[in-house]
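Worksheet for the structure shown next.
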Amino acid sequence: MAASASYLSLVVLVALAAVVSGQLSPTFYDTSCTRALATIKSGVMAAVSSDPRMGASLLRLHFHDCFVQGCDASVLLSGMEQNALPNNGSLRGFGVIDSIKTQIEAICAQTVSCADILTVAARDSVVAVRISSYDRVHHRLDAIVNRFLRILRVQLGGPSWTVPLGRRDSIDANEAAANSDLPGPTSSRSDLELAFSNKGLLTVDMVALSGAHTIGQAQCGTFKDRIYNETNIDTTFATSLRANCPRSGGDGSLANLDTTTANTFDNAYYTNLVSQKGLLHSDQVLFNNDTTDNTVRNFASNPAAFSSAFTTAMIKMGNIAPKTGTQGQIRLSCSRVNS
């Protein structure tokens, strides 16, 4: 009897601890803000339709948030982390998140965190990229057919996943951590593994999340040394990039991270690596006679394996050190803490 009472007390304590600390749940806003997810999706779809590169930018923004003191929207605070070397002049998408936040505040005041908005927006960006690409190919279809396709095309996007919700926003940011914790374009394979391991992510998660480079672009300054000095690169590929990325100057010129299907979220990134057509040094190190070669081969030959690993890794990354319960705050504006 005493043992049963002790067990019951333990269960109650665990339950109370869960309430106090807060837990992420996909149904977190089901009653408090029923239109939250639809509003985020609509904002992302509009942004990517207007600027196809924005899908990759929002995905990268989420990554750079989670790798610095957890997924708490600290990267959205003006200054601080935004001034860090990996972020300054290259992070995009702040205006999109601000716009979505304004819309949500109008329907659910101080209810949905900026951290959750960014996390959901990253998920919706993966889907929106392929839908946007599909739209452009079929823009000549007549209005009646287009109305029909709008019903069906939601099934044509990239991999999707259920996002646990309930994150709260930080009241500070950490520029020093952004400079130290974010892997860069010149990172080695071991550097990448260490950076991801420090966040509780496995090597397979690291290779899968690197597949986000199937969309987006990079600045010449981040791959210049690779196309002129490295040997594990297809010569024709390197030559094609040099026209817009000269040895001297042009550091801001852009090139597609995936030259095969630049605006489609697929597994072409990995087939590029196998062909020594990784744009960044930190891309090609994943396939360079090393321990991650077999994972790259698997993802290159099996799109379903990549999609599964990517969604798993995105959920894990989105769960890095979230603030829940009474921690942090729900910001009224994503770029500044509440006064």
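Going by the structure tokens order, chains are called A, B, ..., each with residues numbered from 1, while ligands are numbered from 1 in the order shown.
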
Which residues are near range 54-61 of chain A? Cut-off 7 Å, only C-alpha atoms, ignore same chain within fewer than 6 positions. Put them as a PDB file with all heavy atoms, in the first residue's frame.
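Result went into selection-v4.pdb, see below:
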```pdb
ATOM      1  N   ALA A  47       5.412  35.037 -49.435  1.00  0.00           N
ATOM      2  CA  ALA A  47       6.801  35.497 -49.489  1.00  0.00           C
ATOM      3  C   ALA A  47       7.619  34.704 -50.499  1.00  0.00           C
ATOM      4  O   ALA A  47       8.404  35.267 -51.274  1.00  0.00           O
ATOM      5  CB  ALA A  47       7.435  35.396 -48.103  1.00  0.00           C
ATOM      6  N   VAL A  48       7.449  33.379 -50.507  1.00  0.00           N
ATOM      7  CA  VAL A  48       8.214  32.527 -51.424  1.00  0.00           C
ATOM      8  C   VAL A  48       7.726  32.700 -52.853  1.00  0.00           C
ATOM      9  O   VAL A  48       8.512  32.645 -53.803  1.00  0.00           O
ATOM     10  CB  VAL A  48       8.139  31.048 -50.981  1.00  0.00           C
ATOM     11  CG1 VAL A  48       8.823  30.139 -51.990  1.00  0.00           C
ATOM     12  CG2 VAL A  48       8.779  30.881 -49.613  1.00  0.00           C
ATOM     13  N   LEU A  91      21.955  37.004 -43.362  1.00  0.00           N
ATOM     14  CA  LEU A  91      20.645  36.528 -42.909  1.00  0.00           C
ATOM     15  C   LEU A  91      19.540  37.357 -43.547  1.00  0.00           C
ATOM     16  O   LEU A  91      19.635  38.575 -43.636  1.00  0.00           O
ATOM     17  CB  LEU A  91      20.533  36.590 -41.387  1.00  0.00           C
ATOM     18  CG  LEU A  91      21.202  35.490 -40.569  1.00  0.00           C
ATOM     19  CD1 LEU A  91      20.842  35.645 -39.105  1.00  0.00           C
ATOM     20  CD2 LEU A  91      20.826  34.110 -41.063  1.00  0.00           C
ATOM     21  N   ARG A  92      18.491  36.688 -43.974  1.00  0.00           N
ATOM     22  CA  ARG A  92      17.340  37.348 -44.594  1.00  0.00           C
ATOM     23  C   ARG A  92      16.048  36.790 -43.998  1.00  0.00           C
ATOM     24  O   ARG A  92      16.066  35.763 -43.335  1.00  0.00           O
ATOM     25  CB  ARG A  92      17.320  37.101 -46.116  1.00  0.00           C
ATOM     26  CG  ARG A  92      18.559  37.529 -46.830  1.00  0.00           C
ATOM     27  CD  ARG A  92      18.567  37.025 -48.276  1.00  0.00           C
ATOM     28  NE  ARG A  92      17.633  37.765 -49.128  1.00  0.00           N
ATOM     29  CZ  ARG A  92      16.593  37.210 -49.756  1.00  0.00           C
ATOM     30  NH1 ARG A  92      16.314  35.926 -49.611  1.00  0.00           N
ATOM     31  NH2 ARG A  92      15.806  37.939 -50.522  1.00  0.00           N
ATOM     32  N   GLY A  93      14.949  37.481 -44.245  1.00  0.00           N
ATOM     33  CA  GLY A  93      13.645  36.963 -43.846  1.00  0.00           C
ATOM     34  C   GLY A  93      13.054  37.627 -42.621  1.00  0.00           C
ATOM     35  O   GLY A  93      11.929  37.285 -42.216  1.00  0.00           O
ATOM     36  N   ALA A 121       7.440  28.548 -39.777  1.00  0.00           N
ATOM     37  CA  ALA A 121       7.765  29.147 -41.071  1.00  0.00           C
ATOM     38  C   ALA A 121       8.851  28.349 -41.786  1.00  0.00           C
ATOM     39  O   ALA A 121       8.818  28.195 -43.015  1.00  0.00           O
ATOM     40  CB  ALA A 121       8.200  30.594 -40.887  1.00  0.00           C
ATOM     41  N   ALA A 122       9.819  27.833 -41.037  1.00  0.00           N
ATOM     42  CA  ALA A 122      10.869  27.018 -41.643  1.00  0.00           C
ATOM     43  C   ALA A 122      10.270  25.757 -42.257  1.00  0.00           C
ATOM     44  O   ALA A 122      10.632  25.359 -43.370  1.00  0.00           O
ATOM     45  CB  ALA A 122      11.915  26.654 -40.587  1.00  0.00           C
ATOM     46  N   SER A 125       8.315  26.671 -45.351  1.00  0.00           N
ATOM     47  CA  SER A 125       9.192  27.085 -46.446  1.00  0.00           C
ATOM     48  C   SER A 125       9.607  25.904 -47.314  1.00  0.00           C
ATOM     49  O   SER A 125       9.710  26.021 -48.536  1.00  0.00           O
ATOM     50  CB  SER A 125      10.452  27.761 -45.884  1.00  0.00           C
ATOM     51  OG  SER A 125      10.144  28.979 -45.272  1.00  0.00           O
ATOM     52  N   VAL A 126       9.867  24.771 -46.675  1.00  0.00           N
ATOM     53  CA  VAL A 126      10.278  23.577 -47.418  1.00  0.00           C
ATOM     54  C   VAL A 126       9.188  23.162 -48.393  1.00  0.00           C
ATOM     55  O   VAL A 126       9.453  22.809 -49.546  1.00  0.00           O
ATOM     56  CB  VAL A 126      10.603  22.423 -46.443  1.00  0.00           C
ATOM     57  CG1 VAL A 126      10.855  21.130 -47.202  1.00  0.00           C
ATOM     58  CG2 VAL A 126      11.806  22.792 -45.584  1.00  0.00           C
ATOM     59  N   VAL A 129       8.563  26.054 -51.305  1.00  0.00           N
ATOM     60  CA  VAL A 129       9.547  26.148 -52.388  1.00  0.00           C
ATOM     61  C   VAL A 129       9.108  25.345 -53.587  1.00  0.00           C
ATOM     62  O   VAL A 129       9.113  25.815 -54.722  1.00  0.00           O
ATOM     63  CB  VAL A 129      10.934  25.681 -51.898  1.00  0.00           C
ATOM     64  CG1 VAL A 129      11.867  25.468 -53.075  1.00  0.00           C
ATOM     65  CG2 VAL A 129      11.526  26.715 -50.959  1.00  0.00           C
ATOM     66  N   ILE A 215      18.325  24.080 -51.745  1.00  0.00           N
ATOM     67  CA  ILE A 215      17.731  25.342 -52.163  1.00  0.00           C
ATOM     68  C   ILE A 215      18.609  26.482 -51.658  1.00  0.00           C
ATOM     69  O   ILE A 215      19.441  26.294 -50.775  1.00  0.00           O
ATOM     70  CB  ILE A 215      16.284  25.530 -51.632  1.00  0.00           C
ATOM     71  CG1 ILE A 215      16.249  25.375 -50.107  1.00  0.00           C
ATOM     72  CG2 ILE A 215      15.333  24.555 -52.298  1.00  0.00           C
ATOM     73  CD1 ILE A 215      14.890  25.653 -49.478  1.00  0.00           C
ATOM     74  N   GLY A 216      18.431  27.652 -52.230  1.00  0.00           N
ATOM     75  CA  GLY A 216      19.153  28.822 -51.748  1.00  0.00           C
ATOM     76  C   GLY A 216      20.415  29.122 -52.528  1.00  0.00           C
ATOM     77  O   GLY A 216      20.791  28.410 -53.468  1.00  0.00           O
TER      78      GLY A 216
END
```

Exercise for review: Quick one: pick out all strand (DSSP E) residues within range 96-309 of chain A from a backbone DSSP run and write them as a PyMOL selection string.
Suggested key: chain A and resi 217-219+254-256

Exercise for review: Can you pull out every residue within 9 Å of range 326-332 of chain A, counting only C-alpha atoms, but drop anything in the same chain fewer than 5 positions away, and send it as a PyMOL selection string?
Suggested key: chain A and resi 20-22+72+101-102+105+109-115+167-171+337-338

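Nearest residue to Ala208 in chain A, choosing from A:Asn298, A:Thr31, A:Ser90, A:Ser25 and counting only C-alpha atoms: A:Asn298.
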
Considering only C-alpha atoms, give me a table of residues in range 196-271 of chain A that are at most 12 Å from range 315-318 of chain A, with the closest atom pair and distance in Å for each, as CSV.
```
residue,atom,partner,partner_atom,distance
A:Phe196,CA,A:Met317,CA,9.4
A:Ser197,CA,A:Met317,CA,11.2
A:Asn198,CA,A:Met317,CA,11.6
A:Lys199,CA,A:Met317,CA,8.0
A:Gly200,CA,A:Lys316,CA,8.4
A:Leu201,CA,A:Lys316,CA,7.4
A:Leu202,CA,A:Lys316,CA,9.9
A:Val204,CA,A:Lys316,CA,11.9
A:Asp205,CA,A:Lys316,CA,8.6
A:Met206,CA,A:Met317,CA,10.1
A:Ala208,CA,A:Met317,CA,11.5
A:Leu209,CA,A:Met317,CA,9.2
```

Point to revise | Residue nearest Val207 in chain A - candidates A:Leu286, A:Ala268, A:Ala243, A:Ile40, atoms counted: only C-alpha atoms | key: A:Leu286

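Considering the residues A:Ser335, A:Gln103, A:Thr214, A:Thr312 and counting only C-alpha atoms, Lys41 in chain A has its shortest atom-to-atom contact with A:Gln103.
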